[in-house]
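Structure file coords-v9.txt; described as compact mmCIF, C-alpha atoms and all ligand atoms.
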```txt
# COMPACT_ATOMS: atom_id res chain seq x y z
CA MET Y 1 31.34 -5.72 -30.48
CA PRO Y 2 35.05 -4.86 -30.43
CA ASP Y 3 35.77 -1.48 -28.82
CA SER Y 4 37.35 -0.34 -32.07
CA ALA Y 5 34.21 -0.94 -34.19
CA PRO Y 6 33.29 2.37 -35.81
CA LEU Y 7 29.99 3.92 -34.77
CA LEU Y 8 27.62 4.09 -37.75
CA LEU Y 9 24.68 5.78 -36.07
CA ARG Y 10 23.91 7.34 -32.70
CA ALA Y 11 20.73 8.99 -31.51
CA HIS Y 12 20.44 10.94 -28.28
CA ALA Y 13 17.21 12.07 -26.57
CA LEU Y 14 15.28 11.29 -29.75
CA GLU Y 15 11.54 12.01 -29.47
CA PHE Y 16 8.72 12.13 -31.93
CA ALA Y 17 5.22 13.50 -31.43
CA ARG Y 18 2.21 13.79 -33.69
CA ASN Y 19 -0.55 16.26 -32.89
CA GLU Y 20 1.22 16.96 -29.61
CA GLU Y 21 0.95 13.32 -28.61
CA ARG Y 22 4.27 11.59 -28.02
CA LEU Y 23 4.76 8.49 -30.14
CA PHE Y 24 8.19 7.48 -28.84
CA GLY Y 25 11.12 8.72 -26.82
CA PRO Y 26 13.21 10.12 -25.48
CA LEU Y 27 15.39 7.30 -26.86
CA GLU Y 28 19.11 6.58 -26.76
CA LEU Y 29 20.44 4.21 -29.38
CA HIS Y 30 23.57 3.43 -31.30
CA VAL Y 31 24.76 0.94 -33.90
CA ALA Y 32 28.39 0.17 -34.64
CA GLY Y 33 29.96 -1.88 -37.40
CA GLY Y 34 29.28 -5.58 -36.79
CA GLU Y 35 26.10 -4.95 -34.79
CA ALA Y 36 22.39 -5.44 -35.35
CA LEU Y 37 19.83 -3.61 -33.25
CA LEU Y 38 16.37 -5.15 -33.32
CA ILE Y 39 13.54 -2.67 -32.78
CA GLU Y 40 10.53 -4.52 -31.45
CA GLY Y 41 7.03 -3.50 -30.50
CA HIS Y 42 3.34 -3.97 -31.24
CA ASN Y 43 1.58 -2.68 -34.36
CA GLY Y 44 1.40 1.09 -34.36
CA CYS Y 45 3.99 1.71 -31.62
CA GLY Y 46 6.18 3.75 -33.97
CA LYS Y 47 8.83 1.38 -35.39
CA THR Y 48 8.44 2.55 -38.99
CA THR Y 49 8.26 6.16 -37.87
CA LEU Y 50 11.53 5.76 -35.94
CA LEU Y 51 13.29 4.21 -38.92
CA ARG Y 52 11.99 6.96 -41.26
CA VAL Y 53 13.19 9.62 -38.84
CA LEU Y 54 16.64 7.98 -38.66
CA ALA Y 55 16.77 7.68 -42.46
CA GLY Y 56 16.02 11.39 -42.80
CA LEU Y 57 12.74 10.67 -44.61
CA LEU Y 58 10.58 12.23 -41.91
CA GLY Y 59 11.25 15.51 -40.15
CA GLY Y 60 9.87 17.01 -36.97
CA ALA Y 61 11.68 14.84 -34.40
CA HIS Y 62 13.46 16.35 -31.39
CA GLY Y 63 16.90 15.24 -30.25
CA GLU Y 64 20.18 14.43 -31.96
CA ILE Y 65 21.00 11.99 -34.73
CA CYS Y 66 24.65 11.51 -35.69
CA MET Y 67 25.55 9.46 -38.73
CA ALA Y 68 29.00 8.34 -39.85
CA PRO Y 69 30.11 10.44 -42.84
CA GLN Y 70 28.69 9.19 -46.12
CA ALA Y 71 32.14 9.43 -47.72
CA GLU Y 72 33.29 6.68 -45.31
CA VAL Y 73 30.27 4.39 -45.06
CA GLY Y 74 28.25 5.06 -48.24
CA PRO Y 75 24.62 6.13 -48.34
CA VAL Y 76 22.21 4.74 -45.73
CA LEU Y 77 20.15 1.90 -47.13
CA PHE Y 78 16.46 2.00 -46.21
CA LEU Y 79 14.35 -1.07 -46.99
CA GLY Y 80 10.74 -0.07 -46.37
CA HIS Y 81 7.29 -1.46 -47.05
CA LEU Y 82 7.34 0.46 -50.31
CA LEU Y 83 10.45 -0.95 -51.89
CA GLY Y 84 11.05 1.94 -54.28
CA LEU Y 85 11.19 -0.33 -57.32
CA LYS Y 86 10.46 0.98 -60.79
CA GLY Y 87 7.54 -1.12 -62.03
CA GLU Y 88 8.16 -0.60 -65.73
CA LEU Y 89 11.83 -1.55 -65.50
CA SER Y 90 12.84 -5.19 -65.56
CA VAL Y 91 14.28 -6.96 -62.52
CA GLU Y 92 17.80 -6.56 -63.88
CA GLU Y 93 17.27 -2.94 -64.95
CA ASN Y 94 16.09 -2.04 -61.45
CA LEU Y 95 19.41 -3.20 -60.02
CA GLN Y 96 21.44 -1.57 -62.78
CA TYR Y 97 19.62 1.71 -62.15
CA ALA Y 98 20.30 1.55 -58.40
CA MET Y 99 23.95 0.67 -59.04
CA HIS Y 100 24.28 3.55 -61.49
CA LEU Y 101 23.10 5.96 -58.78
CA GLN Y 102 24.89 4.53 -55.75
CA GLY Y 103 27.67 2.24 -56.88
CA CYS Y 104 28.34 -1.40 -56.08
CA ARG Y 105 29.61 -3.32 -53.06
CA ALA Y 106 33.08 -4.80 -53.65
CA GLY Y 107 33.09 -8.44 -54.68
CA THR Y 108 29.57 -8.72 -56.08
CA ASP Y 109 27.51 -7.77 -59.11
CA VAL Y 110 23.93 -7.73 -60.41
CA GLU Y 111 23.98 -11.32 -61.61
CA ALA Y 112 25.41 -12.68 -58.35
CA CYS Y 113 22.90 -10.73 -56.24
CA LEU Y 114 19.93 -11.96 -58.28
CA ALA Y 115 21.14 -15.55 -57.99
CA GLU Y 116 21.62 -15.10 -54.26
CA VAL Y 117 17.99 -14.09 -53.71
CA GLY Y 118 16.58 -16.74 -56.04
CA LEU Y 119 15.50 -14.42 -58.88
CA GLN Y 120 17.66 -15.92 -61.62
CA GLY Y 121 15.54 -16.55 -64.71
CA LEU Y 122 13.35 -13.50 -63.96
CA GLU Y 123 15.94 -10.91 -65.06
CA ASP Y 124 13.81 -9.57 -67.94
CA GLN Y 125 10.45 -9.56 -66.15
CA PRO Y 126 8.98 -6.10 -65.40
CA ALA Y 127 9.08 -5.47 -61.65
CA ARG Y 128 5.35 -4.62 -61.60
CA THR Y 129 4.53 -8.24 -62.51
CA LEU Y 130 6.42 -9.77 -59.57
CA SER Y 131 4.65 -11.27 -56.58
CA ALA Y 132 4.94 -9.50 -53.22
CA GLY Y 133 7.58 -11.99 -52.08
CA GLN Y 134 9.52 -11.68 -55.35
CA ARG Y 135 9.44 -7.88 -55.03
CA LYS Y 136 10.81 -8.16 -51.52
CA ARG Y 137 13.55 -10.46 -52.83
CA LEU Y 138 14.43 -7.85 -55.47
CA GLY Y 139 14.67 -5.30 -52.65
CA LEU Y 140 17.03 -7.70 -50.86
CA ALA Y 141 19.15 -8.09 -53.99
CA ARG Y 142 19.49 -4.30 -54.17
CA MET Y 143 20.36 -4.20 -50.46
CA ARG Y 144 23.15 -6.72 -51.07
CA LEU Y 145 24.36 -4.95 -54.21
CA LEU Y 146 24.74 -1.39 -52.94
CA PRO Y 147 27.80 -0.31 -50.97
CA SER Y 148 25.95 0.90 -47.83
CA ARG Y 149 27.44 0.07 -44.44
CA LEU Y 150 24.29 1.03 -42.50
CA TRP Y 151 21.07 -0.83 -43.21
CA LEU Y 152 17.69 0.35 -41.90
CA LEU Y 153 15.35 -2.57 -42.51
CA ASP Y 154 11.63 -2.12 -41.87
CA GLU Y 155 9.97 -5.51 -41.40
CA PRO Y 156 12.38 -7.24 -43.80
CA PHE Y 157 10.71 -10.61 -43.16
CA ALA Y 158 7.23 -9.53 -44.30
CA ASN Y 159 5.88 -11.36 -47.38
CA LEU Y 160 8.69 -13.90 -47.35
CA ASP Y 161 8.42 -17.67 -47.11
CA LEU Y 162 10.54 -19.60 -44.60
CA GLU Y 163 13.44 -19.89 -47.01
CA GLY Y 164 13.19 -16.13 -47.62
CA ILE Y 165 13.33 -15.42 -43.88
CA ALA Y 166 16.49 -17.53 -43.65
CA LEU Y 167 17.85 -15.58 -46.64
CA VAL Y 168 17.35 -12.24 -44.84
CA ASN Y 169 19.18 -13.62 -41.81
CA ARG Y 170 22.06 -14.87 -43.99
CA LEU Y 171 22.39 -11.52 -45.75
CA VAL Y 172 22.39 -9.63 -42.45
CA GLU Y 173 24.95 -12.00 -40.94
CA ARG Y 174 27.30 -11.54 -43.88
CA HIS Y 175 26.81 -7.77 -43.82
CA LEU Y 176 27.79 -7.65 -40.14
CA ALA Y 177 30.77 -9.93 -40.73
CA GLU Y 178 31.94 -7.46 -43.39
CA GLY Y 179 31.77 -4.59 -40.87
CA GLY Y 180 28.27 -3.30 -41.64
CA GLY Y 181 25.54 -2.54 -39.14
CA ALA Y 182 21.75 -2.87 -39.20
CA LEU Y 183 18.61 -1.64 -37.46
CA ILE Y 184 15.78 -4.09 -38.00
CA THR Y 185 12.14 -3.59 -37.01
CA SER Y 186 9.91 -6.50 -36.16
CA HIS Y 187 6.68 -7.04 -34.28
CA GLY Y 188 8.19 -10.23 -32.97
CA ALA Y 189 6.46 -12.73 -35.25
CA TYR Y 190 9.68 -13.80 -36.94
CA ALA Y 191 12.86 -15.29 -35.57
CA THR Y 192 15.95 -13.26 -36.28
CA GLY Y 193 19.27 -14.99 -36.73
CA ALA Y 194 22.06 -15.56 -34.27
CA TYR Y 195 23.54 -12.19 -35.26
CA GLN Y 196 21.08 -10.20 -33.16
CA THR Y 197 23.11 -8.19 -30.70
CA ARG Y 198 20.66 -5.90 -28.91
CA VAL Y 199 16.93 -5.25 -28.69
CA LEU Y 200 15.17 -1.92 -28.27
CA ARG Y 201 11.54 -2.36 -27.27
CA LEU Y 202 9.38 0.58 -28.25
CA GLY Y 203 6.41 1.20 -26.03
CA ARG Y 204 8.17 0.07 -22.85
CA LEU Y 205 11.16 2.31 -22.51
CA GLN Y 206 9.14 5.47 -22.43
N1 LIG G 1 1.51 9.83 -42.07
C1 LIG G 1 0.89 9.63 -40.91
N2 LIG G 1 -0.01 10.51 -40.45
C2 LIG G 1 -0.63 10.34 -39.27
N3 LIG G 1 -0.42 9.30 -38.47
C3 LIG G 1 0.48 8.37 -38.87
C4 LIG G 1 1.18 8.51 -40.10
N4 LIG G 1 2.02 7.44 -40.21
C5 LIG G 1 1.84 6.69 -39.11
N5 LIG G 1 0.92 7.25 -38.29
C6 LIG G 1 0.51 6.73 -36.98
O1 LIG G 1 1.67 6.68 -36.15
C7 LIG G 1 1.63 5.50 -35.36
C8 LIG G 1 2.91 4.71 -35.56
O2 LIG G 1 2.95 4.20 -36.88
P1 LIG G 1 4.15 3.29 -37.37
O3 LIG G 1 3.87 2.94 -38.79
O4 LIG G 1 5.41 3.99 -37.05
O5 LIG G 1 4.00 2.03 -36.41
P2 LIG G 1 4.72 0.59 -36.48
O6 LIG G 1 5.20 0.29 -35.11
O7 LIG G 1 5.72 0.56 -37.57
O8 LIG G 1 3.48 -0.32 -36.85
P3 LIG G 1 3.37 -1.76 -37.62
O9 LIG G 1 3.98 -2.81 -36.74
O10 LIG G 1 1.89 -1.91 -37.75
O11 LIG G 1 4.06 -1.60 -38.96
C9 LIG G 1 0.36 4.76 -35.72
O12 LIG G 1 -0.62 5.04 -34.76
C10 LIG G 1 -0.02 5.33 -37.07
O13 LIG G 1 -1.42 5.32 -37.23
```
Reformat the file's structure so that it appears as structure tokens.
Ligand SMILES: Nc1ncnc2c1ncn2[C@@H]1O[C@H](COP(=O)(O)OP(=O)(O)OP(=O)(O)O)[C@@H](O)[C@H]1O
Amino acid sequence: MPDSAPLLLRAHALEFARNEERLFGPLELHVAGGEALLIEGHNGCGKTTLLRVLAGLLGGAHGEICMAPQAEVGPVLFLGHLLGLKGELSVEENLQYAMHLQGCRAGTDVEACLAEVGLQGLEDQPARTLSAGQRKRLGLARMRLLPSRLWLLDEPFANLDLEGIALVNRLVERHLAEGGGALITSHGAYATGAYQTRVLRLGRLQ
């Protein structure tokens, strides 16, 4: 990473406990523009919990989390197991709704994002009728569409076929090339792309 790359996220002495039992930490981590941090570890080691804490979706952690100002880098994008899609809205309406709330990345639009993830032709289909892999692809289209510089991706490869896994890697690579950053959880069953810059292994650093 160039020294001048802006820091998107930094956590210092970050710890999380449940029922007085420590799940992870204390951790040090940071992600700058152009970087991907892969968070690895076995099932149940706390990867999703860490991402939810960083996204501000789960309270109760100790330590410091510093985010780049939203005015500069847009809202944080969190892609979780629950994709936050509206089942009664169509594929296209889901993206239009998200864009209405959060805006659009420069140089793209709903149609281009749907084509990019292979959902062209399904624009009018209600999201609730999509397969698990198609739903994940719609989540990826939204990820590409919104103007967020920081991506928090929880198991983005789950439910995808091989071509879908390559698609995730392509989208991340392009995001980094455009100055974005990403934290990506994985239990190690999938190959990440050449973009991977650093690995944080939960369950070993503690
Ligand atoms: N809401 C909750 N209440 C109580 N315990 C929870 C809750 N959510 C997660 N846990 C527990 O916290 C631990 C970490 O869960 P987490 O989902 O963060 O793990 P993970 O590393 O993402 O796992 P996986 O690879 O299976 O997705 C697990 O033991 C889980 O049972």
If we count only C-alpha atoms and set the cut-off at 7 Å, which residues sit around Leu77 of chain Y, ignoring sequence neighbours fewer than 3 positions away in its own chain? Please answer as a list of chain:residue names.
Y:Met143, Y:Ser148, Y:Leu150, Y:Trp151, Y:Leu152
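For the point (23.7, 8.1, -36.6) in file coordinates, the residues within 9 Å, using only C-alpha atoms, are Leu7, Leu8, Leu9, Arg10, Ala11, Leu29, His30, Val31, Leu54, Glu64, Ile65, Cys66, Met67 and Ala68 of chain Y.
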*Dump the neighbourhood of ligand LIG 1 (chain G) as number ranges by chain: all residues within 6 Å, distances computed on all atoms listed in the file.*
Y: 42-49, 187
TODO: Considering all atoms listed in the file, state which residue in the set Y:Gly179, Y:Arg149, Y:Glu163, Y:Gly41 is at the smallest distance from Gln70 of chain Y.
DONE: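 Using all atoms listed in the file, Gln70 of chain Y sits closest to Y:Arg149.
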Give me, as a compact mmCIF listing (two decimals) with C-alpha atoms, keeping the file's coordinate frame, all polymer residues having an atom no more than 12 Å from Val199 of chain Y, counting only C-alpha atoms and skipping those fewer than 6 positions away in the same chain.
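Below you can see part_27.txt, which holds the result:
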```
# COMPACT_ATOMS: atom_id res chain seq x y z
CA LEU Y 29 20.44 4.21 -29.38
CA HIS Y 30 23.57 3.43 -31.30
CA VAL Y 31 24.76 0.94 -33.90
CA GLU Y 35 26.10 -4.95 -34.79
CA ALA Y 36 22.39 -5.44 -35.35
CA LEU Y 37 19.83 -3.61 -33.25
CA LEU Y 38 16.37 -5.15 -33.32
CA ILE Y 39 13.54 -2.67 -32.78
CA GLU Y 40 10.53 -4.52 -31.45
CA GLY Y 41 7.03 -3.50 -30.50
CA ALA Y 182 21.75 -2.87 -39.20
CA LEU Y 183 18.61 -1.64 -37.46
CA ILE Y 184 15.78 -4.09 -38.00
CA THR Y 185 12.14 -3.59 -37.01
CA SER Y 186 9.91 -6.50 -36.16
CA HIS Y 187 6.68 -7.04 -34.28
CA GLY Y 188 8.19 -10.23 -32.97
CA THR Y 192 15.95 -13.26 -36.28
CA LEU Y 205 11.16 2.31 -22.51
```
My list of candidates is Y:Arg128, Y:Leu138, Y:Asp154, Y:Leu114. Which is closest to Arg52 of chain Y when distances are computed with only C-alpha atoms?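 For Arg52 of chain Y, the nearest of the given residues is Y:Asp154.
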Atom CA of Asn159 of chain Y to atom CA of Arg144 of chain Y measures 18.3 Å
Between Y:Ala158, Y:Leu171, Y:Leu202, Y:Ala71, single out the one closest to Val117 of chain Y, counting all atoms listed in the file.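 Residue with the minimum atom-to-atom distance to Val117 of chain Y: Y:Leu171.
The interatomic distance for the pair atom CA of Ala177 of chain Y and atom CA of Ala5 of chain Y works out to 11.6 Å.
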For the atom pair atom CA of Val76 of chain Y and atom CA of Ala115 of chain Y, what is the interatomic distance in Å to one decimal place?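 Distance reported for this atom pair: 23.7 Å.
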Env of Gly107 of chain Y: 12 Å cut, atoms = all atoms listed in the file, seq-sep filter 4 positions within chain, self excluded. Answer as a list of chain:residue names.
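Skipping anything fewer than 4 positions along the chain leaves Y:Glu111, Y:Ala112, Y:Cys113, Y:Arg144, Y:Leu145, Y:Leu146, Y:Pro147, Y:Glu178.
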Env of segment 121-123 of chain Y: 8 Å cut, atoms = only C-alpha atoms, seq-sep filter 6 positions within chain, self excluded. Answer as number ranges by chain.
Y: 90-92, 114
Next, the residues of the selection above should be written as a PDB file, in the coordinates of the input with C-alpha atoms.
```pdb
ATOM      1  CA  SER Y  90      12.840  -5.190 -65.560  1.00  0.00           C
ATOM      2  CA  VAL Y  91      14.280  -6.960 -62.520  1.00  0.00           C
ATOM      3  CA  GLU Y  92      17.800  -6.560 -63.880  1.00  0.00           C
ATOM      4  CA  LEU Y 114      19.930 -11.960 -58.280  1.00  0.00           C
TER       5      LEU Y 114
END
```
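The smallest atom-to-atom distance between Gly33 of chain Y and any of Y:His12, Y:His175, Y:Arg201, Y:Arg142, using all atoms listed in the file, is found for Y:His175.
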Restricting the calculation to only C-alpha atoms, which member of Y:Pro69, Y:His62, Y:Gln134, Y:Ala141 is positioned closest to Met99 of chain Y?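 Comparing Y:Pro69, Y:His62, Y:Gln134, Y:Ala141 against Met99 of chain Y, the winner is Y:Ala141.
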Need to verify the contact set: segment 82-86 of chain Y, 9 Å, only C-alpha atoms, exclusion of same-chain residues closer than 3 positions in sequence. Can you return it as a ChimeraX atom specification? /Y:78-79,89-91,93-94,126-128,135-136,138-139
Restrict the selected residues to C-alpha atoms and save them as a PDB file, in the frame of the given file.
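Saved file again-v6.pdb follows:
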```pdb
ATOM      1  CA  PHE Y  78      16.460   2.000 -46.210  1.00  0.00           C
ATOM      2  CA  LEU Y  79      14.350  -1.070 -46.990  1.00  0.00           C
ATOM      3  CA  LEU Y  89      11.830  -1.550 -65.500  1.00  0.00           C
ATOM      4  CA  SER Y  90      12.840  -5.190 -65.560  1.00  0.00           C
ATOM      5  CA  VAL Y  91      14.280  -6.960 -62.520  1.00  0.00           C
ATOM      6  CA  GLU Y  93      17.270  -2.940 -64.950  1.00  0.00           C
ATOM      7  CA  ASN Y  94      16.090  -2.040 -61.450  1.00  0.00           C
ATOM      8  CA  PRO Y 126       8.980  -6.100 -65.400  1.00  0.00           C
ATOM      9  CA  ALA Y 127       9.080  -5.470 -61.650  1.00  0.00           C
ATOM     10  CA  ARG Y 128       5.350  -4.620 -61.600  1.00  0.00           C
ATOM     11  CA  ARG Y 135       9.440  -7.880 -55.030  1.00  0.00           C
ATOM     12  CA  LYS Y 136      10.810  -8.160 -51.520  1.00  0.00           C
ATOM     13  CA  LEU Y 138      14.430  -7.850 -55.470  1.00  0.00           C
ATOM     14  CA  GLY Y 139      14.670  -5.300 -52.650  1.00  0.00           C
TER      15      GLY Y 139
END
```
Using all atoms listed in the file, the shortest atom-to-atom distance to Phe24 of chain Y among Y:Leu130, Y:Leu167, Y:Val172, Y:Leu200 belongs to Y:Leu200
Using 4 Å of padding on each side, determine the axis-aligned box around all atoms of segment 139-144 of chain Y present in the file and give its centre and edge lengths in Å to one decimal, as AutoDock Vina command-line options.
```
--center_x 18.9 --center_y -6.1 --center_z -52.3 --size_x 16.5 --size_y 11.9 --size_z 11.7
```
Completion step: segment 148-166 of chain Y with N, CA and C atoms as a CSV table (one decimal), in the coordinates of the input:
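Below is the file that was written, selection.csv:
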```csv
chain,number,residue,atom,x,y,z
Y,148,SER,N,26.3,0.2,-49.1
Y,148,SER,CA,26.0,0.9,-47.8
Y,148,SER,C,26.4,0.1,-46.6
Y,149,ARG,N,27.0,0.8,-45.7
Y,149,ARG,CA,27.4,0.1,-44.4
Y,149,ARG,C,26.3,0.0,-43.4
Y,150,LEU,N,25.4,1.0,-43.5
Y,150,LEU,CA,24.3,1.0,-42.5
Y,150,LEU,C,23.0,0.7,-43.2
Y,151,TRP,N,22.4,-0.4,-42.7
Y,151,TRP,CA,21.1,-0.8,-43.2
Y,151,TRP,C,20.0,-0.5,-42.2
Y,152,LEU,N,18.9,0.1,-42.7
Y,152,LEU,CA,17.7,0.4,-41.9
Y,152,LEU,C,16.6,-0.5,-42.5
Y,153,LEU,N,16.2,-1.6,-41.9
Y,153,LEU,CA,15.4,-2.6,-42.5
Y,153,LEU,C,14.0,-2.6,-41.8
Y,154,ASP,N,13.0,-2.2,-42.5
Y,154,ASP,CA,11.6,-2.1,-41.9
Y,154,ASP,C,10.9,-3.4,-42.2
Y,155,GLU,N,10.7,-4.2,-41.2
Y,155,GLU,CA,10.0,-5.5,-41.4
Y,155,GLU,C,10.5,-6.3,-42.6
Y,156,PRO,N,11.8,-6.6,-42.6
Y,156,PRO,CA,12.4,-7.2,-43.8
Y,156,PRO,C,11.8,-8.6,-44.0
Y,157,PHE,N,11.2,-9.2,-43.0
Y,157,PHE,CA,10.7,-10.6,-43.2
Y,157,PHE,C,9.3,-10.7,-43.8
Y,158,ALA,N,8.6,-9.5,-43.8
Y,158,ALA,CA,7.2,-9.5,-44.3
Y,158,ALA,C,7.2,-10.0,-45.7
Y,159,ASN,N,6.1,-10.8,-46.0
Y,159,ASN,CA,5.9,-11.4,-47.4
Y,159,ASN,C,6.8,-12.5,-47.8
Y,160,LEU,N,7.7,-12.9,-46.9
Y,160,LEU,CA,8.7,-13.9,-47.4
Y,160,LEU,C,8.3,-15.3,-46.8
Y,161,ASP,N,8.6,-16.3,-47.6
Y,161,ASP,CA,8.4,-17.7,-47.1
Y,161,ASP,C,9.6,-18.0,-46.2
Y,162,LEU,N,9.5,-19.2,-45.6
Y,162,LEU,CA,10.5,-19.6,-44.6
Y,162,LEU,C,12.0,-19.5,-45.1
Y,163,GLU,N,12.1,-19.9,-46.4
Y,163,GLU,CA,13.4,-19.9,-47.0
Y,163,GLU,C,13.9,-18.4,-47.2
Y,164,GLY,N,12.9,-17.6,-47.5
Y,164,GLY,CA,13.2,-16.1,-47.6
Y,164,GLY,C,13.6,-15.5,-46.3
Y,165,ILE,N,13.0,-15.9,-45.2
Y,165,ILE,CA,13.3,-15.4,-43.9
Y,165,ILE,C,14.8,-15.8,-43.6
Y,166,ALA,N,15.1,-17.1,-43.9
Y,166,ALA,CA,16.5,-17.5,-43.6
Y,166,ALA,C,17.5,-16.7,-44.5
```
